[in-house]
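S.K.: Next up, structure_37.csv (CSV, C-alpha atoms).
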```
chain,number,residue,atom,x,y,z
A,182,MET,CA,45.2,102.3,79.2
A,183,SER,CA,45.9,103.6,82.6
A,184,GLU,CA,45.5,107.1,84.0
A,185,SER,CA,46.9,108.8,87.1
A,186,SER,CA,46.4,112.3,88.4
A,187,ILE,CA,48.4,114.4,90.9
A,188,LYS,CA,46.4,117.2,92.4
A,189,ALA,CA,47.6,120.2,94.5
A,190,GLY,CA,45.8,118.8,97.6
A,191,SER,CA,47.8,115.5,97.5
A,192,ARG,CA,51.2,117.0,96.7
A,193,ASP,CA,52.7,120.4,97.0
A,194,LEU,CA,52.9,121.7,93.4
A,195,SER,CA,55.3,124.6,94.1
A,196,ASP,CA,56.9,126.3,91.1
A,197,ALA,CA,60.1,124.3,91.4
A,198,ASN,CA,58.4,121.0,92.3
A,199,TRP,CA,55.8,120.7,89.5
A,200,LEU,CA,58.4,120.7,86.7
A,201,GLU,CA,60.3,117.8,88.3
A,202,ILE,CA,57.0,115.9,88.6
A,203,VAL,CA,56.3,116.5,84.9
A,204,ARG,CA,59.8,115.2,84.1
A,205,GLN,CA,59.2,112.1,86.1
A,206,GLN,CA,55.9,111.4,84.5
A,207,VAL,CA,57.2,111.9,81.0
A,208,GLY,CA,60.2,109.8,81.7
A,209,SER,CA,58.0,106.9,82.8
A,210,LEU,CA,56.0,106.9,79.6
A,211,ARG,CA,56.6,104.9,76.5
A,212,PHE,CA,53.3,106.0,74.7
A,213,GLY,CA,50.9,108.4,76.3
A,214,VAL,CA,50.1,112.0,77.3
A,215,VAL,CA,51.1,114.2,80.3
A,216,GLU,CA,48.6,117.0,80.8
A,217,ILE,CA,49.2,120.1,82.9
A,218,ILE,CA,46.1,121.8,84.4
A,219,VAL,CA,46.5,125.5,85.3
A,220,HIS,CA,44.1,127.5,87.4
A,221,ASP,CA,44.7,131.2,88.2
A,222,SER,CA,48.2,131.1,86.7
A,223,ARG,CA,49.2,128.1,88.9
A,224,VAL,CA,49.7,124.5,88.1
A,225,THR,CA,47.0,122.7,90.1
A,226,GLN,CA,47.0,119.2,88.6
A,227,ILE,CA,49.1,116.9,86.4
A,228,GLU,CA,47.4,114.0,84.6
A,229,LYS,CA,49.2,111.1,82.9
A,230,THR,CA,47.4,108.8,80.4
A,231,GLU,CA,49.5,105.8,79.3
A,232,ARG,CA,48.7,103.7,76.3
A,233,LEU,CA,49.7,100.2,75.7
A,234,ARG,CA,50.5,99.5,72.0
A,235,LEU,CA,50.2,96.0,70.6
A,236,ASP,CA,52.3,95.9,67.5
A,237,LYS,CA,51.8,93.4,64.8
A,238,PRO,CA,54.4,90.6,64.7
A,239,ALA,CA,57.1,91.1,62.0
A,240,THR,CA,56.2,87.8,60.3
A,241,ASP,CA,52.8,86.1,60.1
A,242,THR,CA,53.3,82.5,61.3
A,243,ARG,CA,49.7,81.4,60.8
A,244,PRO,CA,49.2,78.7,58.1
A,245,SER,CA,47.8,80.1,54.9
A,246,ARG,CA,44.4,78.9,53.7
A,247,THR,CA,44.1,77.0,50.4
A,248,ASP,CA,40.7,76.7,48.8
```
When written as C-alpha cells, how does the structure in this file appear?
M.R.:
Amino acid sequence: MSESSIKAGSRDLSDANWLEIVRQQVGSLRFGVVEIIVHDSRVTQIEKTERLRLDKPATDTRPSRTD
C-alpha cells in the first residue's frame, strides 16, 4: 500500500487546478482511494492511497495430499 499527499503549500490548488489533479490521481489508480480535504470551503489537500491486490490463481497447481 502506498500513500501520497498533495498539499496547498507544495502545489497551487486553485479552483481550476485541483479538479485536474484529482482526475490524474484517479486515472493512475487500479485499486485505492482519492481523498479531498477541504478547509474554509477551499480544497487544501488531496491524498491518494493505493492498494495492491494479490488475486488467487485461477487453478491450484499444488499437488494434492493423499493420506
S.K.: What's the separation between atom CA of Glu228 of chain A and atom CA of Asn198 of chain A, in Å to one decimal place?
M.R.: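 Calculated distance between atom CA of Glu228 of chain A and atom CA of Asn198 of chain A is 15.1 Å.
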S.K.: Rounded to one decimal, what separation in Å do you get between atom CA of Lys229 of chain A and atom CA of Val214 of chain A?
M.R.: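 Between atom CA of Lys229 of chain A and atom CA of Val214 of chain A the gap is 5.7 Å.
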S.K.: What separation in Å, quoted to one decimal, exists between atom CA of Pro238 of chain A and atom CA of Gly213 of chain A?
M.R.: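 That distance, rounded to one decimal, is 21.5 Å.
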S.K.: For Arg204 of chain A, list every protein, DNA or RNA residue within 12 Å, evaluated using all atoms listed in the file, and leave out those in the same chain fewer than 3 positions away; present the list as a PDB file with C-alpha atoms, in the frame of the given file.
M.R.:
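Below you can see result-v7.pdb, which holds the result:
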```pdb
ATOM      1  CA  ALA A 197      60.100 124.300  91.400  1.00  0.00           C
ATOM      2  CA  ASN A 198      58.400 121.000  92.300  1.00  0.00           C
ATOM      3  CA  TRP A 199      55.800 120.700  89.500  1.00  0.00           C
ATOM      4  CA  LEU A 200      58.400 120.700  86.700  1.00  0.00           C
ATOM      5  CA  GLU A 201      60.300 117.800  88.300  1.00  0.00           C
ATOM      6  CA  VAL A 207      57.200 111.900  81.000  1.00  0.00           C
ATOM      7  CA  GLY A 208      60.200 109.800  81.700  1.00  0.00           C
ATOM      8  CA  SER A 209      58.000 106.900  82.800  1.00  0.00           C
ATOM      9  CA  LEU A 210      56.000 106.900  79.600  1.00  0.00           C
ATOM     10  CA  VAL A 215      51.100 114.200  80.300  1.00  0.00           C
ATOM     11  CA  GLU A 216      48.600 117.000  80.800  1.00  0.00           C
ATOM     12  CA  ILE A 217      49.200 120.100  82.900  1.00  0.00           C
ATOM     13  CA  ILE A 227      49.100 116.900  86.400  1.00  0.00           C
ATOM     14  CA  LYS A 229      49.200 111.100  82.900  1.00  0.00           C
TER      15      LYS A 229
END
```
